[in-house]
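Student: Below you'll find coords-v3.json; it's JSON, C-alpha atoms.
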```
[["chain", "number", "residue", "atom", "x", "y", "z"],
["A", 1, "MET", "CA", 10.94, -48.93, -58.49],
["A", 2, "SER", "CA", 13.21, -48.08, -61.38],
["A", 3, "SER", "CA", 10.90, -45.40, -62.79],
["A", 4, "ARG", "CA", 12.34, -41.90, -62.59],
["A", 5, "ILE", "CA", 10.51, -39.33, -60.54],
["A", 6, "GLN", "CA", 8.78, -36.79, -62.76],
["A", 7, "GLU", "CA", 10.26, -33.32, -62.32],
["A", 8, "PHE", "CA", 7.84, -30.47, -61.75],
["A", 9, "VAL", "CA", 7.95, -26.73, -61.19],
["A", 10, "THR", "CA", 4.89, -25.08, -59.68],
["A", 11, "VAL", "CA", 4.84, -21.30, -59.91],
["A", 12, "LEU", "CA", 2.13, -19.05, -58.53],
["A", 13, "VAL", "CA", 1.86, -15.31, -58.93],
["A", 14, "ARG", "CA", -0.51, -14.02, -56.29],
["A", 15, "ASP", "CA", -1.23, -11.56, -53.48],
["A", 16, "PRO", "CA", -0.89, -8.23, -55.34],
["A", 17, "ARG", "CA", -0.15, -5.39, -52.94],
["A", 18, "ILE", "CA", 0.06, -1.66, -53.47],
["A", 19, "GLN", "CA", 3.43, -0.31, -52.32],
["A", 20, "LYS", "CA", 4.13, 3.39, -51.79],
["A", 21, "GLU", "CA", 7.32, 4.55, -53.48],
["A", 22, "ASP", "CA", 6.98, 8.09, -52.20],
["A", 23, "SER", "CA", 4.14, 10.51, -51.50],
["A", 24, "TRP", "CA", 3.29, 10.74, -55.22],
["A", 25, "HIS", "CA", 4.04, 7.31, -56.63],
["A", 26, "SER", "CA", 2.73, 3.84, -55.88],
["A", 27, "TYR", "CA", 3.13, 0.52, -57.61],
["A", 28, "ILE", "CA", 1.84, -3.02, -57.27],
["A", 29, "ASP", "CA", 4.07, -5.94, -56.51],
["A", 30, "TYR", "CA", 3.17, -9.62, -56.63],
["A", 31, "GLU", "CA", 4.26, -12.62, -54.64],
["A", 32, "ILE", "CA", 6.00, -15.31, -56.70],
["A", 33, "PHE", "CA", 5.82, -18.70, -55.04],
["A", 34, "ILE", "CA", 7.93, -21.57, -56.39],
["A", 35, "HIS", "CA", 7.69, -25.21, -55.39],
["A", 36, "THR", "CA", 9.76, -27.72, -57.35],
["A", 37, "ASN", "CA", 11.76, -30.90, -57.27],
["A", 38, "SER", "CA", 13.81, -29.85, -60.33],
["A", 39, "ILE", "CA", 17.57, -30.21, -60.09],
["A", 40, "CYS", "CA", 17.82, -26.84, -61.87],
["A", 41, "PHE", "CA", 16.79, -25.02, -58.69],
["A", 42, "THR", "CA", 19.03, -24.33, -55.70],
["A", 43, "ARG", "CA", 16.02, -24.06, -53.39],
["A", 44, "LYS", "CA", 12.98, -26.28, -53.76],
["A", 45, "THR", "CA", 10.59, -23.78, -52.19],
["A", 46, "SER", "CA", 10.87, -20.01, -52.39],
["A", 47, "CYS", "CA", 8.81, -16.87, -52.21],
["A", 48, "VAL", "CA", 9.70, -13.36, -53.39],
["A", 49, "ARG", "CA", 7.89, -10.17, -54.38],
["A", 50, "ARG", "CA", 8.37, -8.52, -57.79],
["A", 51, "ARG", "CA", 6.81, -5.61, -59.63],
["A", 52, "TYR", "CA", 5.81, -5.38, -63.28],
["A", 53, "ARG", "CA", 8.88, -3.42, -64.40],
["A", 54, "GLU", "CA", 11.13, -6.17, -63.00],
["A", 55, "PHE", "CA", 9.26, -8.70, -65.17],
["A", 56, "VAL", "CA", 9.92, -6.40, -68.16],
["A", 57, "TRP", "CA", 13.63, -6.35, -67.27],
["A", 58, "LEU", "CA", 13.70, -10.16, -66.93],
["A", 59, "ARG", "CA", 12.06, -10.69, -70.31],
["A", 60, "GLN", "CA", 14.52, -8.31, -72.01],
["A", 61, "ARG", "CA", 17.53, -10.04, -70.45],
["A", 62, "LEU", "CA", 16.26, -13.55, -71.27],
["A", 63, "GLN", "CA", 15.53, -12.51, -74.85],
["A", 64, "SER", "CA", 18.99, -11.01, -75.33],
["A", 65, "ASN", "CA", 20.59, -14.27, -74.12],
["A", 66, "ALA", "CA", 18.30, -16.60, -76.09],
["A", 67, "VAL", "CA", 17.96, -14.81, -79.39],
["A", 68, "LEU", "CA", 16.54, -17.80, -81.29],
["A", 69, "ILE", "CA", 13.74, -18.43, -78.80],
["A", 70, "GLN", "CA", 10.45, -16.59, -79.14],
["A", 71, "LEU", "CA", 9.66, -15.60, -75.57],
["A", 72, "PRO", "CA", 6.05, -15.40, -74.40],
["A", 73, "GLU", "CA", 4.62, -11.91, -74.08],
["A", 74, "LEU", "CA", 3.98, -10.12, -70.82],
["A", 75, "PRO", "CA", 0.55, -8.64, -70.21],
["A", 76, "SER", "CA", 0.59, -5.37, -72.10],
["A", 77, "ARG", "CA", 1.43, -2.13, -70.35],
["A", 78, "THR", "CA", -1.72, -0.09, -70.74],
["A", 79, "PRO", "CA", -2.17, 3.62, -70.02],
["A", 80, "PHE", "CA", -5.59, 2.75, -68.63],
["A", 81, "PHE", "CA", -4.24, 0.34, -66.00],
["A", 82, "ASN", "CA", -5.82, 1.21, -62.66],
["A", 83, "MET", "CA", -4.22, -0.34, -59.59],
["A", 84, "ASN", "CA", -7.44, 0.23, -57.65],
["A", 85, "ASN", "CA", -9.42, -1.85, -60.16],
["A", 86, "PRO", "CA", -9.38, -5.51, -59.01],
["A", 87, "ASN", "CA", -10.11, -6.74, -62.56],
["A", 88, "HIS", "CA", -7.12, -4.87, -64.02],
["A", 89, "VAL", "CA", -4.83, -6.13, -61.25],
["A", 90, "ASP", "CA", -6.01, -9.73, -61.52],
["A", 91, "HIS", "CA", -5.75, -9.72, -65.33],
["A", 92, "ARG", "CA", -2.12, -8.58, -65.02],
["A", 93, "ARG", "CA", -1.43, -11.14, -62.27],
["A", 94, "GLN", "CA", -2.77, -13.95, -64.50],
["A", 95, "GLY", "CA", -0.66, -12.72, -67.42],
["A", 96, "LEU", "CA", 2.49, -12.65, -65.28],
["A", 97, "GLN", "CA", 1.81, -16.17, -64.03],
["A", 98, "GLU", "CA", 1.26, -17.48, -67.59],
["A", 99, "PHE", "CA", 4.51, -15.79, -68.65],
["A", 100, "LEU", "CA", 6.49, -17.55, -65.89],
["A", 101, "GLU", "CA", 4.79, -20.90, -66.49],
["A", 102, "LYS", "CA", 5.87, -20.83, -70.15],
["A", 103, "ILE", "CA", 9.40, -19.61, -69.35],
["A", 104, "LEU", "CA", 9.89, -22.42, -66.82],
["A", 105, "GLN", "CA", 9.11, -25.08, -69.44],
["A", 106, "ASP", "CA", 12.12, -24.12, -71.56],
["A", 107, "ALA", "CA", 15.40, -25.86, -70.65],
["A", 108, "LEU", "CA", 17.54, -23.15, -72.27],
["A", 109, "LEU", "CA", 15.83, -20.35, -70.34],
["A", 110, "LEU", "CA", 16.07, -22.41, -67.13],
["A", 111, "SER", "CA", 19.85, -22.33, -67.51],
["A", 112, "ASP", "CA", 19.90, -18.52, -67.22],
["A", 113, "SER", "CA", 21.12, -17.45, -63.77],
["A", 114, "ARG", "CA", 19.12, -14.21, -63.94],
["A", 115, "LEU", "CA", 15.89, -16.21, -63.95],
["A", 116, "HIS", "CA", 16.91, -18.02, -60.75],
["A", 117, "LEU", "CA", 17.97, -14.81, -59.02],
["A", 118, "PHE", "CA", 14.68, -13.18, -60.09],
["A", 119, "LEU", "CA", 12.61, -16.08, -58.71],
["A", 120, "GLN", "CA", 14.57, -16.93, -55.58],
["A", 121, "THR", "CA", 16.13, -13.71, -54.24],
["A", 122, "GLN", "CA", 15.01, -10.16, -53.65],
["A", 123, "LEU", "CA", 18.05, -8.66, -55.44],
["A", 124, "SER", "CA", 17.42, -5.63, -57.64],
["A", 125, "PRO", "CA", 18.00, -5.97, -61.39],
["A", 126, "GLU", "CA", 21.30, -4.08, -61.02],
["A", 127, "ASP", "CA", 22.46, -6.47, -58.31],
["A", 128, "MET", "CA", 21.33, -9.50, -60.32],
["A", 129, "GLU", "CA", 23.39, -8.28, -63.30],
["A", 130, "ALA", "CA", 26.41, -7.66, -61.08],
["A", 131, "CYS", "CA", 26.11, -11.14, -59.55],
["A", 132, "VAL", "CA", 25.73, -12.91, -62.91],
["A", 133, "SER", "CA", 28.72, -11.07, -64.37],
["A", 134, "GLY", "CA", 30.94, -11.95, -61.39],
["A", 135, "GLN", "CA", 31.17, -8.43, -59.94],
["A", 136, "THR", "CA", 29.96, -9.47, -56.48],
["A", 137, "LYS", "CA", 31.66, -11.37, -53.66],
["A", 138, "TYR", "CA", 28.76, -13.84, -53.67],
["A", 139, "THR", "CA", 27.80, -16.38, -56.33],
["A", 140, "VAL", "CA", 24.30, -16.98, -57.68],
["A", 141, "ALA", "CA", 23.92, -20.00, -55.37],
["A", 142, "ASP", "CA", 25.21, -17.96, -52.38],
["A", 143, "ALA", "CA", 22.64, -15.23, -53.08],
["A", 144, "ILE", "CA", 19.79, -17.74, -53.26],
["A", 145, "LEU", "CA", 20.84, -19.64, -50.14],
["A", 146, "SER", "CA", 21.45, -16.50, -48.10],
["A", 147, "PHE", "CA", 18.05, -15.08, -49.11],
["A", 148, "ALA", "CA", 16.46, -18.37, -48.06],
["A", 149, "SER", "CA", 18.18, -18.30, -44.66],
["A", 150, "LEU", "CA", 17.03, -14.71, -44.08],
["A", 151, "ASN", "CA", 13.45, -15.73, -44.84],
["A", 152, "ARG", "CA", 13.40, -19.02, -42.97],
["A", 153, "ARG", "CA", 9.64, -19.39, -42.80],
["A", 154, "PHE", "CA", 9.41, -22.63, -44.72],
["A", 155, "PRO", "CA", 9.35, -26.03, -43.08],
["A", 156, "ILE", "CA", 12.25, -28.31, -43.93],
["A", 157, "GLU", "CA", 11.65, -29.25, -47.53],
["A", 158, "ASP", "CA", 11.46, -33.03, -47.03],
["A", 159, "GLU", "CA", 8.83, -32.67, -44.31],
["A", 160, "GLU", "CA", 6.97, -30.13, -46.42],
["A", 161, "GLU", "CA", 6.93, -32.51, -49.35],
["A", 162, "LYS", "CA", 5.41, -35.28, -47.23],
["A", 163, "LYS", "CA", 2.70, -33.23, -45.59],
["A", 164, "GLY", "CA", 2.29, -30.82, -48.51],
["A", 165, "LYS", "CA", 0.71, -33.41, -50.80],
["A", 166, "ASP", "CA", -2.79, -32.59, -49.49],
["A", 167, "ASP", "CA", -2.14, -28.85, -49.58],
["A", 168, "ALA", "CA", -0.89, -28.99, -53.17],
["A", 169, "ASP", "CA", -4.39, -29.60, -54.53],
["A", 170, "SER", "CA", -5.85, -26.53, -52.89],
["A", 171, "ASP", "CA", -2.76, -24.56, -53.93],
["A", 172, "SER", "CA", -3.09, -25.32, -57.64],
["A", 173, "GLU", "CA", -5.72, -22.67, -58.24],
["A", 174, "SER", "CA", -4.28, -19.23, -57.78],
["A", 175, "SER", "CA", -6.14, -16.23, -56.51],
["A", 176, "SER", "CA", -5.12, -12.70, -55.72],
["A", 177, "SER", "CA", -5.26, -13.26, -51.98],
["A", 178, "GLY", "CA", -3.69, -15.69, -49.54],
["A", 179, "LEU", "CA", -4.75, -19.23, -50.31],
["A", 180, "GLY", "CA", -6.40, -21.97, -48.31],
["A", 181, "PRO", "CA", -4.30, -23.62, -45.64],
["A", 182, "SER", "CA", -2.29, -21.55, -43.18],
["A", 183, "ASP", "CA", 0.85, -23.59, -43.80],
["A", 184, "ASP", "CA", 3.91, -21.30, -43.93],
["A", 185, "SER", "CA", 4.87, -22.61, -47.33],
["A", 186, "ILE", "CA", 1.49, -21.51, -48.67],
["A", 187, "SER", "CA", 1.20, -18.03, -47.17],
["A", 188, "CYS", "CA", 4.78, -16.98, -46.64],
["A", 189, "GLY", "CA", 4.07, -13.27, -46.33],
["A", 190, "CYS", "CA", 7.01, -11.97, -48.31],
["A", 191, "LYS", "CA", 8.26, -8.52, -47.57],
["A", 192, "ALA", "CA", 8.12, -5.87, -50.25],
["A", 193, "SER", "CA", 11.25, -5.64, -52.35],
["A", 194, "PRO", "CA", 13.62, -2.79, -51.51],
["A", 195, "ALA", "CA", 13.12, 0.20, -53.76],
["A", 196, "SER", "CA", 15.09, -0.49, -56.90],
["A", 197, "GLU", "CA", 15.08, 2.14, -59.56],
["A", 198, "GLU", "CA", 15.59, 0.66, -62.97],
["A", 199, "SER", "CA", 14.05, 2.46, -65.92]]
```
Translate the structure described by the file into structure tokens.

Tutor:
Amino acid sequence: MSSRIQEFVTVLVRDPRIQKEDSWHSYIDYEIFIHTNSICFTRKTSCVRRRYREFVWLRQRLQSNAVLIQLPELPSRTPFFNMNNPNHVDHRRQGLQEFLEKILQDALLLSDSRLHLFLQTQLSPEDMEACVSGQTKYTVADAILSFASLNRRFPIEDEEEKKGKDDADSDSESSSSGLGPSDDSISCGCKASPASEES
């Protein structure tokens, strides 16, 4: 068995939820589920919630660090977007998933610490910037591991890999609600991200 194991990164954007910012403002955030065997990732399974404006921030930061790469587009910000319209919400969810799928295929972008903090912690954009630029007491890896230990709802990754083979098939098609099996790694029920004001 000298053949190398094929690396994979599965990313799902799903479970859009309306979050109240205050009595006047609401927004939708989405669960980002990652399952991978890639050596690029500190954690092999993770689950966070992010809102559209955080995706906009991520794309801007990735583009400024990889000037020669043409990044994929995000679903357009439309004045007619209605968070109570399931078609609008699901169209945006699909666009966000396609954006991440394309980003995660690029080795240069995968080397950007902001991407890993975005996908595997609940840090705000300001805190991600501070961490990446060395202004925090914790490193990128510390942030990811401490977030994982706070949200210890996943089975041990080796066990999950063994029993998760059957679940992976039903997990490959994304939908805007919780999916199929009630395995913790599938429906990890992430908490909403703390209010982070970045304009």

Student: Distance table requested - range 95-162 of chain A against range 10-21 of chain A, cut-off 9 Å, all atoms listed in the file: one row per qualifying residue with the closest atom pair and its distance in Å to one decimal, ordered by chain and rising residue number, as CSV.

Tutor:
```
residue,atom,partner,partner_atom,distance
A:Leu96,CA,A:Val13,CA,6.9
A:Gln97,CA,A:Val13,CA,5.2
A:Glu98,CA,A:Val13,CA,8.9
A:Leu100,CA,A:Val11,CA,7.2
A:Glu101,CA,A:Val11,CA,6.6
A:Leu104,CA,A:Val11,CA,8.6
```

Student: Please determine, counting all atoms listed in the file, which residue among A:Leu68, A:Arg43, A:Cys131, A:Glu54 has the shortest atom-to-atom distance to Leu108 in chain A.

Tutor: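 Of the candidates, the smallest distance to Leu108 in chain A is held by A:Leu68.
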
Student: What is the CA of Ser46 in chain A to CA of Thr121 in chain A distance in Å?

Tutor: 8.4 Å

Student: Within 10 Å of (21.0, -16.1, -67.0), all atoms listed in the file: residues as an MDAnalysis selection string?

Tutor: chainID A and resid 58 61:62 64:66 108:118 128:129 132:133 140

Student: For CA of Ile5 in chain A and CA of Phe41 in chain A, determine how far apart the two atoms are, in Å to one decimal place.

Tutor: 15.7 Å

Student: What is the distance, in Å and to one decimal place, between CA of Asp142 in chain A and CA of Val48 in chain A?

Tutor: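 For CA of Asp142 in chain A relative to CA of Val48 in chain A, the distance reads 16.2 Å.
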
Student: Which one of A:Gln94, A:Thr139, A:Gln105, A:Gln70 sits closest to Val9 in chain A if you count all atoms listed in the file?

Tutor: A:Gln105

Student: Could you pull the residues within 9 Å of Arg51 in chain A, counting all atoms listed in the file, minus those fewer than 3 positions along the same chain, as a ChimeraX atom specification?

Tutor: /A:27-31,54-55,193

Student: From the list A:Leu74, A:Pro86, A:Trp57, A:Ile32, which residue is nearest Gln122 in chain A when using only C-alpha atoms?

Tutor: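 Once distances to Gln122 in chain A are computed over only C-alpha atoms, the minimum belongs to A:Ile32.
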
Student: Rank nothing, just name the residue among A:Lys137, A:Pro75, A:Ile69, A:Gln63 nearest to Asp90 in chain A, using only C-alpha atoms.

Tutor: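 Of A:Lys137, A:Pro75, A:Ile69, A:Gln63, the one nearest Asp90 in chain A is A:Pro75, counting only C-alpha atoms.
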
Student: I'd like the neighbourhood of Glu73 in chain A as number ranges by chain, where a residue qualifies if any of its atoms comes within 10 Å (using all atoms listed in the file), though same-chain residues fewer than 5 positions away should be ignored.

Tutor: A: 56, 59, 95-96, 98-99, 102

Student: Counting only C-alpha atoms, which residue out of A:Gln120, A:Leu71, A:Pro79, A:Tyr52 sits closest to Phe33 in chain A?

Tutor: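 The shortest atom-to-atom distance to Phe33 in chain A comes from A:Gln120.
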